[in-house]
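Undergrad: Pasting a structure below so you can have a look.
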Amino acid sequence: MPVKNDGPEAGPQSKSEQTRALILETAMRMFQELGYDKTTMRAIAKEAGVSVGNAYYYFAGKEHLIQGFYDRIAAEHQVAVREVLDRETDLEARLAGVLTAWLDIARPYHEFAVQFFKNAADPDSPLSPFSPESEHAREQAISVHREVLAGSKSKVAPELREVLPELMWLSQMGLVLYWVFDRTEGRERSYRLARRGARLTARGVALARFRVLRPLVLEVHELFTDFLPGMTKALPDPGARARRDETD
């Protein structure tokens with residue numbers, strides 16, 4: 001079942017949308033209070049005042065509730081970055097604004113993220129940000145970085161325009177990982193990391209203008225797409241041909 005976005009720009013909600021939002025909000029609260037593993041769909045339905053069948057109508061399982069959470073965060077983030085992207089043309093300022101906007105939005109969910117991180121960290125889990133189930137939210141996030149790059153005054157080689165947004169999103173995932181473990185007041189170190197990471201990324205993009213460094217950027221991107229769970233390409237089985245030869 002496709003996941004709808006309940007973003008800040010959504011119009012008046014229908015009764016169906018209100019029920020879906022109620023189930024999602026109830027699940028988020030219970031995940032925070034009881035933990036992801038101890039919260040059942042039956043308990044969520046009871047707390048939300050809906051039937052179990054109704055809960056499963058909107059969300060096929062707990063994993064789909066997390067996907068709803070991912071999509072909501074992504075939709076809110078796309079709205080929150082508008083001001084900085086409409087105002088700034090400097091790549092560092094644009095990227096720093098995007099990263100700090102994500103930290104602002106995620107602030108209320110920090111303890112919840114800590115609760116389910118052990119599940120999301122499993123590369124085989126549908127909760128992983130690299131899983132097929134997370135593709136919609138992942139693509140939304142990457143599209144923000146495409147806009148960050150496209151609207152900046154930085155000159156980018158055509159062959160790097162497609163790969164850089166994915167690498168920028170991967171660096172954001174590094175920030176998210178750090179944020180999960182950040183116990184400083186107000187996640188102050190995460191904000192510092194976001195700003196310094198934006199500066200480093202902007203410098204890297206500037207250096208990539210030089211032709212001699214472009215192959216390195218492409219190779220780094222290829223490394224991630226070949227080996228990172230959820231981004232891997234379908235690689236040929238090296239033993240397939242040998243097996244075919246044996247049977248011929």
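To be explicit about the labels: the chains of the structure tokens are called A, B, and onward in the order shown, and within each one the residues are counted from 1, while ligands get numbers from 1 in the order they are shown.
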Please run DSSP on the backbone and report, as an MDAnalysis selection string, all residues within range 20-230 of chain A that come out as alpha helix (DSSP H).
TA: chainID A and resid 20:34 41:48 52:58 62:80 82:87 91:106 110:120 135:150 164:181 188:207 214:227
Undergrad: Please provide the set of residues having any atom within 12 Å of range 186-195 of chain A, restricted to only C-alpha atoms, with same-chain residues fewer than 6 positions apart removed, written as an NGL selection string.
TA: :A and (91-104 or 106-108 or 110-111 or 168 or 171-180 or 201-202)
Undergrad: Kindly save the residues from that selection, with N, CA, C and O atoms included, as a compact mmCIF listing (two decimals), in the first residue's frame.
TA:
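Below is the file that was written, part30.txt:
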# COMPACT_ATOMS: atom_id res chain seq x y z
N LEU A 91 27.04 27.28 -1.88
CA LEU A 91 26.81 25.86 -1.64
C LEU A 91 26.94 25.51 -0.17
O LEU A 91 26.12 24.74 0.37
N GLU A 92 27.95 26.03 0.51
CA GLU A 92 28.13 25.71 1.93
C GLU A 92 26.93 26.17 2.75
O GLU A 92 26.43 25.43 3.60
N ALA A 93 26.45 27.38 2.48
CA ALA A 93 25.31 27.91 3.23
C ALA A 93 24.05 27.10 2.94
O ALA A 93 23.25 26.83 3.84
N ARG A 94 23.87 26.71 1.68
CA ARG A 94 22.69 25.92 1.32
C ARG A 94 22.71 24.54 2.02
O ARG A 94 21.71 24.12 2.60
N LEU A 95 23.87 23.89 1.97
CA LEU A 95 23.97 22.57 2.57
C LEU A 95 23.87 22.64 4.09
O LEU A 95 23.19 21.81 4.72
N ALA A 96 24.52 23.62 4.69
CA ALA A 96 24.43 23.78 6.15
C ALA A 96 22.99 24.03 6.57
O ALA A 96 22.51 23.48 7.58
N GLY A 97 22.27 24.83 5.80
CA GLY A 97 20.87 25.10 6.11
C GLY A 97 20.00 23.86 6.01
O GLY A 97 19.12 23.63 6.84
N VAL A 98 20.26 23.04 5.01
CA VAL A 98 19.51 21.80 4.82
C VAL A 98 19.77 20.82 5.97
O VAL A 98 18.84 20.21 6.50
N LEU A 99 21.02 20.67 6.35
CA LEU A 99 21.37 19.73 7.41
C LEU A 99 20.85 20.18 8.77
O LEU A 99 20.33 19.37 9.54
N THR A 100 20.99 21.46 9.07
CA THR A 100 20.49 21.94 10.36
C THR A 100 18.96 21.92 10.41
O THR A 100 18.37 21.71 11.47
N ALA A 101 18.32 22.12 9.26
CA ALA A 101 16.86 22.03 9.21
C ALA A 101 16.41 20.61 9.55
O ALA A 101 15.41 20.41 10.25
N TRP A 102 17.16 19.62 9.07
CA TRP A 102 16.81 18.23 9.40
C TRP A 102 16.95 18.00 10.91
O TRP A 102 16.09 17.36 11.53
N LEU A 103 18.02 18.51 11.50
CA LEU A 103 18.22 18.34 12.94
C LEU A 103 17.09 19.02 13.73
O LEU A 103 16.64 18.49 14.75
N ASP A 104 16.64 20.17 13.25
CA ASP A 104 15.53 20.87 13.92
C ASP A 104 14.26 20.02 13.90
O ASP A 104 13.57 19.89 14.91
N ALA A 106 14.00 16.76 13.43
CA ALA A 106 14.17 15.47 14.12
C ALA A 106 14.29 15.61 15.63
O ALA A 106 14.20 14.60 16.35
N ARG A 107 14.49 16.81 16.12
CA ARG A 107 14.74 17.03 17.55
C ARG A 107 13.73 16.31 18.47
O ARG A 107 14.13 15.63 19.41
N PRO A 108 12.42 16.39 18.21
CA PRO A 108 11.47 15.74 19.14
C PRO A 108 11.54 14.21 19.11
O PRO A 108 10.99 13.56 20.00
N HIS A 110 14.32 12.24 18.99
CA HIS A 110 15.64 11.68 19.26
C HIS A 110 15.57 10.39 20.07
O HIS A 110 16.18 9.38 19.71
N GLU A 111 14.84 10.40 21.17
CA GLU A 111 14.77 9.21 22.00
C GLU A 111 14.10 8.05 21.26
O GLU A 111 14.47 6.89 21.43
N MET A 168 26.22 13.35 -1.21
CA MET A 168 25.84 14.34 -0.20
C MET A 168 24.80 13.75 0.76
O MET A 168 24.84 13.99 1.97
N SER A 171 26.53 11.48 3.18
CA SER A 171 27.17 12.23 4.26
C SER A 171 26.12 12.65 5.29
O SER A 171 26.40 12.70 6.50
N GLN A 172 24.90 12.94 4.84
CA GLN A 172 23.82 13.25 5.77
C GLN A 172 23.50 12.04 6.63
O GLN A 172 23.21 12.17 7.83
N MET A 173 23.56 10.83 6.05
CA MET A 173 23.32 9.62 6.83
C MET A 173 24.39 9.46 7.92
O MET A 173 24.11 8.96 9.01
N GLY A 174 25.61 9.88 7.62
CA GLY A 174 26.66 9.88 8.64
C GLY A 174 26.31 10.82 9.78
O GLY A 174 26.52 10.50 10.96
N LEU A 175 25.76 11.98 9.43
CA LEU A 175 25.31 12.94 10.45
C LEU A 175 24.19 12.34 11.29
O LEU A 175 24.17 12.48 12.52
N VAL A 176 23.24 11.66 10.64
CA VAL A 176 22.12 11.04 11.36
C VAL A 176 22.64 10.01 12.36
O VAL A 176 22.18 9.95 13.50
N LEU A 177 23.59 9.20 11.92
CA LEU A 177 24.17 8.20 12.81
C LEU A 177 24.81 8.86 14.03
O LEU A 177 24.63 8.41 15.17
N TYR A 178 25.55 9.94 13.80
CA TYR A 178 26.18 10.64 14.92
C TYR A 178 25.10 11.22 15.84
O TYR A 178 25.21 11.14 17.08
N TRP A 179 24.04 11.78 15.24
CA TRP A 179 22.96 12.40 16.01
C TRP A 179 22.29 11.39 16.93
O TRP A 179 21.94 11.71 18.07
N VAL A 180 22.13 10.15 16.47
CA VAL A 180 21.50 9.12 17.28
C VAL A 180 22.26 8.92 18.59
O VAL A 180 21.67 8.74 19.66
N THR A 201 32.23 19.54 2.50
CA THR A 201 31.60 19.10 1.26
C THR A 201 31.72 20.18 0.19
O THR A 201 32.03 19.87 -0.98
N ALA A 202 31.49 21.43 0.55
CA ALA A 202 31.59 22.53 -0.41
C ALA A 202 33.01 22.63 -0.96
O ALA A 202 33.21 22.86 -2.16
Undergrad: Please determine, counting only C-alpha atoms, which residue among A:Leu160, A:Ser51, A:His145, A:Leu170 has the shortest atom-to-atom distance to Pro215 in chain A.
TA: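 Using only C-alpha atoms, the shortest distance to Pro215 in chain A belongs to A:Leu160.
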Undergrad: What does the distance between CA of Gly35 in chain A and CA of Ala141 in chain A come to in Å, to one decimal place?
TA: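 Interatomic distance, CA of Gly35 in chain A to CA of Ala141 in chain A: 26.1 Å.
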Undergrad: Please provide as a list in words all residues within 12 Å of range 124-126 of chain A, with the sequence filter that same-chain residues fewer than 2 positions apart are discarded (counting only C-alpha atoms).
TA: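 Counting only the stated atoms, we get Gly61, Lys62, Glu63, His64, Leu65, Ile66, Gln67, Tyr70, Phe116, Phe117, Lys118, Asn119, Ala120, Ala121, Asp122, Ser128, Pro129, Phe130, Ser131, Pro132, Glu133, Ser134, Glu135, Leu228, Pro229 and Gly230 of chain A.
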Undergrad: Could you please take those selected residues and save C-alpha atoms as a PDB file, in the first residue's frame?
TA:
ATOM      1  CA  GLY A  61       2.742  -3.888   9.938  1.00  0.00           C
ATOM      2  CA  LYS A  62       5.012  -2.056  12.362  1.00  0.00           C
ATOM      3  CA  GLU A  63       7.646  -1.629   9.633  1.00  0.00           C
ATOM      4  CA  HIS A  64       5.130   0.288   7.525  1.00  0.00           C
ATOM      5  CA  LEU A  65       4.461   2.600  10.443  1.00  0.00           C
ATOM      6  CA  ILE A  66       8.163   3.462  10.480  1.00  0.00           C
ATOM      7  CA  GLN A  67       8.011   4.086   6.750  1.00  0.00           C
ATOM      8  CA  TYR A  70      10.255   8.397   7.433  1.00  0.00           C
ATOM      9  CA  PHE A 116      14.545   1.589  17.097  1.00  0.00           C
ATOM     10  CA  PHE A 117      18.081   2.199  15.842  1.00  0.00           C
ATOM     11  CA  LYS A 118      19.183  -1.360  16.554  1.00  0.00           C
ATOM     12  CA  ASN A 119      16.488  -2.524  14.132  1.00  0.00           C
ATOM     13  CA  ALA A 120      17.227   0.138  11.523  1.00  0.00           C
ATOM     14  CA  ALA A 121      20.951  -0.691  11.674  1.00  0.00           C
ATOM     15  CA  ASP A 122      20.279  -4.223  10.436  1.00  0.00           C
ATOM     16  CA  SER A 128      17.070   0.476   7.226  1.00  0.00           C
ATOM     17  CA  PRO A 129      17.308   3.787   5.334  1.00  0.00           C
ATOM     18  CA  PHE A 130      18.950   1.740   2.557  1.00  0.00           C
ATOM     19  CA  SER A 131      16.156  -0.832   2.273  1.00  0.00           C
ATOM     20  CA  PRO A 132      13.794  -1.121  -0.713  1.00  0.00           C
ATOM     21  CA  GLU A 133      10.938  -0.209   1.620  1.00  0.00           C
ATOM     22  CA  SER A 134      12.654   3.114   2.422  1.00  0.00           C
ATOM     23  CA  GLU A 135      13.150   4.017  -1.236  1.00  0.00           C
ATOM     24  CA  LEU A 228      26.409  -0.460   0.232  1.00  0.00           C
ATOM     25  CA  PRO A 229      23.255  -2.405   1.213  1.00  0.00           C
ATOM     26  CA  GLY A 230      20.221  -1.065  -0.600  1.00  0.00           C
TER      27      GLY A 230
END
Undergrad: Name all residues at most 8 Å from Tyr36 in chain A (count only C-alpha atoms; drop same-chain ones fewer than 4 positions away) and give them as a PDB file with N, CA, C and O atoms, in the first residue's frame.
TA:
ATOM      1  N   MET A  30       3.883   5.284  21.418  1.00  0.00           N
ATOM      2  CA  MET A  30       4.076   4.001  22.095  1.00  0.00           C
ATOM      3  C   MET A  30       5.475   3.440  21.844  1.00  0.00           C
ATOM      4  O   MET A  30       6.067   2.808  22.730  1.00  0.00           O
ATOM      5  N   PHE A  31       6.000   3.670  20.662  1.00  0.00           N
ATOM      6  CA  PHE A  31       7.376   3.241  20.387  1.00  0.00           C
ATOM      7  C   PHE A  31       8.332   3.935  21.351  1.00  0.00           C
ATOM      8  O   PHE A  31       9.300   3.338  21.845  1.00  0.00           O
ATOM      9  N   GLN A  32       8.084   5.228  21.595  1.00  0.00           N
ATOM     10  CA  GLN A  32       8.944   5.983  22.504  1.00  0.00           C
ATOM     11  C   GLN A  32       8.811   5.473  23.937  1.00  0.00           C
ATOM     12  O   GLN A  32       9.794   5.372  24.666  1.00  0.00           O
ATOM     13  N   GLN A 115      15.598   4.283  20.275  1.00  0.00           N
ATOM     14  CA  GLN A 115      14.872   3.053  20.579  1.00  0.00           C
ATOM     15  C   GLN A 115      14.907   2.058  19.425  1.00  0.00           C
ATOM     16  O   GLN A 115      15.131   0.870  19.609  1.00  0.00           O
ATOM     17  N   PHE A 116      14.654   2.546  18.202  1.00  0.00           N
ATOM     18  CA  PHE A 116      14.545   1.589  17.097  1.00  0.00           C
ATOM     19  C   PHE A 116      15.801   1.515  16.240  1.00  0.00           C
ATOM     20  O   PHE A 116      15.837   0.792  15.253  1.00  0.00           O
TER      21      PHE A 116
END
Undergrad: CA of Ala27 in chain A and CA of Asn54 in chain A are how many Å apart?
TA: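 Rounded to one decimal, the two atoms are 13.9 Å apart.
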Undergrad: Let me make sure I understand: among A:Glu88, A:Leu34, A:Ala48, A:Ala75, which one has the smallest atom-to-atom distance to Gln18 in chain A if we use only C-alpha atoms?
TA: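 Checking each of A:Glu88, A:Leu34, A:Ala48, A:Ala75 against Gln18 in chain A, counting only C-alpha atoms, the winner is A:Ala48.
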Undergrad: Figure out the distance between CA of Arg138 in chain A and CA of Tyr57 in chain A, please, to one decimal in Å.
TA: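 Computed distance, CA of Tyr57 in chain A to CA of Arg138 in chain A, equals 24.1 Å.
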Undergrad: Between A:Glu222, A:Glu17, A:Glu147, A:Glu185, which residue has the minimum interatomic distance to Tyr58 in chain A, considering only C-alpha atoms?
TA: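 Closest to Tyr58 in chain A, using only C-alpha atoms: A:Glu17.
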Undergrad: Between A:Ala113, A:Leu223, A:Ala198, A:Ala137, which residue has the minimum interatomic distance to Glu33 in chain A, considering only C-alpha atoms?
TA: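 Distance minimum relative to Glu33 in chain A lands on A:Ala113.
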Undergrad: Find the spatial neighbours of His221 in chain A, counting only C-alpha atoms, within a cut-off of 12 Å - ignore same-chain residues fewer than 2 positions away - and output them as a list in words.
TA: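 Contacts, in chain order: Glu159, Leu160, Arg161, Glu162, Val163, Leu164, Pro165, Glu166, Leu167, Met168, Trp169, Leu170, Ser171, Arg214, Pro215, Leu216, Val217, Leu218, Glu219, Leu223, Phe224, Thr225, Asp226, Phe227, Leu228, Met231 and Thr232 of chain A.
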